[in-house]
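One structure below.
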Amino acid sequence: MDDLLTYTLLTSGRHPFGPVSTDIGRLVRASVAAWYPVFEEKEIQLDVDLPADETFYWEADPTWMARVLDNLFQNIIRHAAEGKYANIVVDVEKEQIIVADRGPGMDNSSYERGAGIGLSTSNYMLKKMKLKADFTSNENGTRVAIGRA
């Protein structure tokens, strides 16, 4: 229900949108740190590449970007935890955020049980921030690369 409410508020223009120059490396590090206990509890091995001395900036709403990452991390927990692996990368050279797992893929029935509202909300937010998410998924896992549209 929370995803549906958020989507409704977003698409009706009632959810505040405040793009600012955002340090993407810092934002991703903070999100990973917040989610680390959940990944640890589910015994998911985290493989992270988050450069501390390099970063890039996007004109983005930091709250919206954190929400997009929350959705991706939540999907790993809900749909790909059996793969016991998550890879999170900030690629400074390509200006991308990459989130991957070793779950059963998006065609698996676990993903079909969800309504898909979380991903629709994330895609809407990314589009408003002039960003996009490219998904690659098969029976060996899912990879999402977020970059400029």
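Each chain of the structure tokens is named A, B, ... in the order shown, its residues numbered from 1; ligands are numbered from 1 in display order.
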Check your understanding: Where in chain A does DSSP assign strand (DSSP E), given as a VMD selection string?
Key -> chain A and resid 20 to 23 45 to 49 57 to 60 85 to 91 96 to 101 131 to 138 141 to 148
Point to revise | Contacts of region 131-146 of chain A at 10 Å (only C-alpha atoms; same-chain gap of 2+ positions) as an MDAnalysis selection string | key: chainID A and resid 58:60 68:69 72 76 80 83 85:91 95:108 119 122:129 148:149
Check your understanding: Out of A:Thr55, A:Gln74, A:Gln45, A:Thr121, which residue has the shortest atom-to-atom distance to Gly25 (chain A) when counting only C-alpha atoms?
Key ->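 Checking each of A:Thr55, A:Gln74, A:Gln45, A:Thr121 against Gly25 (chain A), counting only C-alpha atoms, the winner is A:Thr55.
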Point to revise | Distance query region 27-43 of chain A at most 7 Å, only C-alpha atoms, self and fewer than 5 positions along chain excluded, as a PyMOL selection string | key: chain A and resi 50+66+81+84
